[in-house]
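Asker: Take a look at this one; I'll ask things after.
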Amino acid sequence: MLKIGDFSKLSRVSIRMLRHYDDIGLLKPAEIDEFTGYRYYQEEQLFIMGRITALKDMGFALADIVKILDIYDDKEKLDTFLADRQKELMESYKQTEYKLMLLDSARKRLRKEQIMNYDVTVKTIPERYAATVQMVIPRYEDEGMLWNMLGECQPPLVPAVPCLAAAQFLDMEYKEENVEVMISMNVKGKYQDTEHVKFKTLPAVKVASCIMKGGYEQMNDVTATVISWIKANGYTVSDPMFNIYHVSPAQTQNPEEYVTEVCFPIG
């Protein structure tokens with residue numbers, strides 16, 4: 001029999017932790033002196049402590065280790081625990097690898113640009129029910145024509161919360177004139193289509209997103225930044241880009257207060 005101090009030294013586990021293992025039923029002493037309260041362990045329990053330490057090193061929580069020790073001799077059940085933990089660690093590894101890639105990309109941009117004026121993130125815009133208007137308009141600057149059609153819809157539309165007002169530019173290249181644009185605004189309730197306004201459920205979409213504050217003269221720089229980021233991080237553009245207008249000329253006449261989110265669908 002080993003006193004708790006000796007068992008602690010041999011197992012390389014602190015006395016405090018051994019008492020905690022006793023409290024949670026993970027590893028109980030072989031004997032407790034009823035008069036002194038001293039804990040004693042058998043030498044064979046060093047093998048159990050080795051299992052506990054190995055499982056901790058694999059990242060298992062103590063509550064899981066209690067369960068694993070109960071089925072340790074059942075190879076199939078043990079393998080299930082190990083496989084599940086392996087899957088969790090692989091997912092964690094992929095997330096860490098992705099974060100490292102983003103950090104590397106940001107540092108490269110910082111060295112190249114000196115000051116990073118715009119930050120790019122990946123997000124998923126959820127599925128949403130929206131009022132849409134899709135037309136070919138003379139120039140990009142005439143987008144307001146579409147918003148006027150949306151505003152004239154009867155009965156008046158009730159915006160959803162949060163309300164995403166967006167314009168998607170459906171031509172795959174820049175055009176001087178006759179550009180195809182679809183605007184959308186997610187709404188509450190159900191509506192009947194009109195001549196120009198169509199109601200549809202827009203699917204969720206994964207995007208590379210960059211939020212820009214200020215006037216639209218920055219758009220070329222923001223677009224170039226996002227495209228460069230997409231290429232540097234191994235993504236491809238899967239659909240035409242769109243802008244989400246968080247604060248637009250409809251809310252303020254001061255361009256410095258505009259807030260626009262430039263989004264490129266990616267795959």
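By convention here, the chains of the structure tokens are called A, B, ... in the order presented, each chain's residues are numbered starting at 1, and ligands are numbered starting at 1 in the order presented.
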Taking the chain letters and numbering used in this document, name the residues of stretch 15-249 of chain A that DSSP puts in strand (DSSP E or B), as a compact mmCIF listing (two decimals) with N, CA and C atoms, in the first residue's frame.
Answerer:
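Full text of result-v9.txt as output:
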# COMPACT_ATOMS: atom_id res chain seq x y z
N GLU A 31 -7.95 2.37 0.27
CA GLU A 31 -8.31 2.30 1.69
C GLU A 31 -8.18 3.69 2.30
N ILE A 32 -9.07 4.00 3.24
CA ILE A 32 -8.99 5.24 4.01
C ILE A 32 -9.02 4.87 5.48
N ARG A 39 -5.34 8.55 3.19
CA ARG A 39 -5.69 7.78 2.00
C ARG A 39 -4.51 6.88 1.62
N TYR A 40 -4.83 5.63 1.23
CA TYR A 40 -3.81 4.68 0.80
C TYR A 40 -4.21 4.11 -0.56
N TYR A 41 -3.22 3.91 -1.39
CA TYR A 41 -3.44 3.39 -2.74
C TYR A 41 -2.65 2.11 -2.95
N VAL A 120 -11.56 42.13 -44.38
CA VAL A 120 -12.42 41.16 -45.06
C VAL A 120 -12.69 39.99 -44.12
N THR A 121 -13.94 39.57 -44.04
CA THR A 121 -14.31 38.41 -43.23
C THR A 121 -15.20 37.49 -44.06
N VAL A 122 -15.29 36.23 -43.61
CA VAL A 122 -16.20 35.27 -44.24
C VAL A 122 -17.40 35.09 -43.35
N LYS A 123 -18.59 35.15 -43.93
CA LYS A 123 -19.82 34.99 -43.15
C LYS A 123 -20.86 34.32 -44.03
N THR A 124 -21.93 33.84 -43.40
CA THR A 124 -23.05 33.28 -44.14
C THR A 124 -24.27 34.16 -43.91
N ILE A 125 -24.82 34.69 -44.98
CA ILE A 125 -26.05 35.48 -44.89
C ILE A 125 -27.21 34.49 -44.97
N ARG A 128 -33.69 34.25 -46.52
CA ARG A 128 -34.59 35.34 -46.16
C ARG A 128 -35.68 35.51 -47.22
N TYR A 129 -36.87 35.91 -46.76
CA TYR A 129 -38.00 36.20 -47.65
C TYR A 129 -37.94 37.67 -48.01
N ALA A 130 -37.91 37.97 -49.31
CA ALA A 130 -37.61 39.34 -49.72
C ALA A 130 -38.49 39.81 -50.86
N ALA A 131 -38.68 41.12 -50.89
CA ALA A 131 -39.27 41.80 -52.04
C ALA A 131 -38.13 42.15 -52.98
N THR A 132 -38.28 41.83 -54.26
CA THR A 132 -37.19 42.06 -55.21
C THR A 132 -37.70 42.80 -56.45
N VAL A 133 -36.79 43.56 -57.03
CA VAL A 133 -37.03 44.18 -58.34
C VAL A 133 -35.79 43.92 -59.18
N GLN A 134 -35.97 43.31 -60.35
CA GLN A 134 -34.85 43.00 -61.24
C GLN A 134 -35.11 43.60 -62.61
N MET A 135 -34.17 44.47 -63.03
CA MET A 135 -34.34 45.15 -64.32
C MET A 135 -32.99 45.50 -64.91
N VAL A 136 -33.00 45.79 -66.19
CA VAL A 136 -31.84 46.38 -66.85
C VAL A 136 -32.03 47.89 -66.81
N ILE A 137 -31.08 48.59 -66.24
CA ILE A 137 -31.16 50.04 -66.09
C ILE A 137 -30.03 50.69 -66.89
N PRO A 159 -40.70 46.04 -43.38
CA PRO A 159 -39.35 45.46 -43.35
C PRO A 159 -39.19 44.45 -42.21
N ALA A 165 -31.23 45.47 -46.97
CA ALA A 165 -31.54 46.08 -48.26
C ALA A 165 -30.30 45.94 -49.13
N ALA A 166 -30.42 45.20 -50.24
CA ALA A 166 -29.23 44.85 -51.02
C ALA A 166 -29.48 45.07 -52.50
N ALA A 167 -28.37 45.28 -53.21
CA ALA A 167 -28.41 45.38 -54.66
C ALA A 167 -27.37 44.42 -55.22
N GLN A 168 -27.81 43.49 -56.09
CA GLN A 168 -26.89 42.54 -56.71
C GLN A 168 -26.71 42.90 -58.17
N PHE A 169 -25.45 42.92 -58.60
CA PHE A 169 -25.12 43.35 -59.95
C PHE A 169 -24.85 42.10 -60.79
N VAL A 179 -27.11 47.92 -67.61
CA VAL A 179 -26.64 46.98 -66.59
C VAL A 179 -27.84 46.32 -65.92
N GLU A 180 -27.68 45.02 -65.61
CA GLU A 180 -28.76 44.28 -64.98
C GLU A 180 -28.54 44.24 -63.47
N VAL A 181 -29.54 44.69 -62.73
CA VAL A 181 -29.43 44.80 -61.28
C VAL A 181 -30.68 44.21 -60.64
N MET A 182 -30.51 43.51 -59.54
CA MET A 182 -31.65 43.07 -58.73
C MET A 182 -31.48 43.64 -57.33
N ILE A 183 -32.49 44.38 -56.89
CA ILE A 183 -32.48 44.86 -55.51
C ILE A 183 -33.41 43.97 -54.68
N SER A 184 -33.15 43.93 -53.40
CA SER A 184 -33.99 43.11 -52.52
C SER A 184 -34.04 43.72 -51.13
N MET A 185 -35.15 43.47 -50.46
CA MET A 185 -35.31 43.89 -49.07
C MET A 185 -36.13 42.82 -48.37
N ASN A 186 -35.56 42.25 -47.29
CA ASN A 186 -36.33 41.21 -46.62
C ASN A 186 -37.48 41.82 -45.84
N VAL A 187 -38.64 41.17 -45.91
CA VAL A 187 -39.89 41.73 -45.39
C VAL A 187 -40.61 40.72 -44.50
N LYS A 198 -41.34 41.34 -57.22
CA LYS A 198 -41.54 39.90 -57.06
C LYS A 198 -41.06 39.50 -55.66
N PHE A 199 -41.82 38.60 -55.04
CA PHE A 199 -41.49 38.15 -53.68
C PHE A 199 -40.97 36.72 -53.74
N LYS A 200 -39.83 36.50 -53.12
CA LYS A 200 -39.21 35.18 -53.20
C LYS A 200 -38.36 34.93 -51.96
N THR A 201 -38.06 33.66 -51.72
CA THR A 201 -37.16 33.29 -50.64
C THR A 201 -35.76 33.18 -51.21
N LEU A 202 -34.88 34.05 -50.77
CA LEU A 202 -33.50 34.04 -51.23
C LEU A 202 -32.70 33.05 -50.39
N VAL A 205 -26.31 32.30 -48.30
CA VAL A 205 -25.14 32.43 -49.16
C VAL A 205 -23.91 32.75 -48.32
N LYS A 206 -22.82 32.05 -48.63
CA LYS A 206 -21.52 32.29 -47.98
C LYS A 206 -20.79 33.35 -48.76
N VAL A 207 -20.30 34.39 -48.08
CA VAL A 207 -19.69 35.52 -48.76
C VAL A 207 -18.38 35.93 -48.10
N ALA A 208 -17.53 36.54 -48.91
CA ALA A 208 -16.41 37.33 -48.39
C ALA A 208 -16.93 38.75 -48.29
N SER A 209 -16.89 39.31 -47.09
CA SER A 209 -17.59 40.55 -46.80
C SER A 209 -16.63 41.62 -46.30
N CYS A 210 -16.86 42.85 -46.74
CA CYS A 210 -16.06 43.99 -46.28
C CYS A 210 -16.99 45.17 -46.04
N ILE A 211 -16.97 45.72 -44.84
CA ILE A 211 -17.84 46.84 -44.50
C ILE A 211 -17.08 48.14 -44.72
N MET A 212 -17.71 49.03 -45.43
CA MET A 212 -17.12 50.31 -45.82
C MET A 212 -17.96 51.43 -45.24
N LYS A 213 -17.32 52.40 -44.60
CA LYS A 213 -18.03 53.57 -44.10
C LYS A 213 -17.60 54.78 -44.90
N VAL A 237 -14.88 33.19 -56.59
CA VAL A 237 -16.17 33.89 -56.64
C VAL A 237 -17.17 32.99 -57.35
N PHE A 242 -22.76 41.63 -54.51
CA PHE A 242 -23.87 42.51 -54.14
C PHE A 242 -23.46 43.40 -52.97
N ASN A 243 -24.17 44.50 -52.83
CA ASN A 243 -23.95 45.43 -51.72
C ASN A 243 -25.15 45.38 -50.78
N ILE A 244 -24.88 45.39 -49.49
CA ILE A 244 -25.93 45.56 -48.49
C ILE A 244 -25.82 46.98 -47.95
N TYR A 245 -26.91 47.73 -48.00
CA TYR A 245 -26.89 49.13 -47.58
C TYR A 245 -27.40 49.24 -46.15
N HIS A 246 -26.49 49.26 -45.19
CA HIS A 246 -26.89 49.38 -43.79
C HIS A 246 -27.32 50.80 -43.46
N VAL A 247 -26.59 51.77 -43.98
CA VAL A 247 -26.99 53.19 -43.91
C VAL A 247 -26.78 53.75 -45.30
Asker: For A:Thr53, which residue out of A:Gly267, A:Asp70, A:Tyr21, A:Thr36 is the nearest one, using only C-alpha atoms?
Answerer: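 Ranking A:Gly267, A:Asp70, A:Tyr21, A:Thr36 by distance to A:Thr53, first place goes to A:Tyr21.
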Asker: Point out the residue among A:Leu10, A:Met17, A:Leu146, A:Met241 with the least atom-to-atom distance to A:Tyr174, counting only C-alpha atoms.
Answerer: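 Closest to A:Tyr174, using only C-alpha atoms: A:Met241.
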Asker: Which residues are near A:Gly215? Cut-off 10 Å, only C-alpha atoms, ignore same chain within fewer than 4 positions. Put them as a VMD selection string.
Answerer: chain A and resid 219 248 254 to 260
Asker: DSSP on the backbone, then: every residue of stretch 54-266 of chain A marked alpha helix (DSSP H), written as a ChimeraX atom specification.
Answerer: /A:54-57,62-70,75-113,144-151,219-232
Asker: Find the residues near stretch 103-105 of chain A: any atom within 8 Å, counting only C-alpha atoms, skip ones fewer than 3 places away on the same chain, and give them as a PyMOL selection string.
Answerer: chain A and resi 99-100+108-109+229+232-233
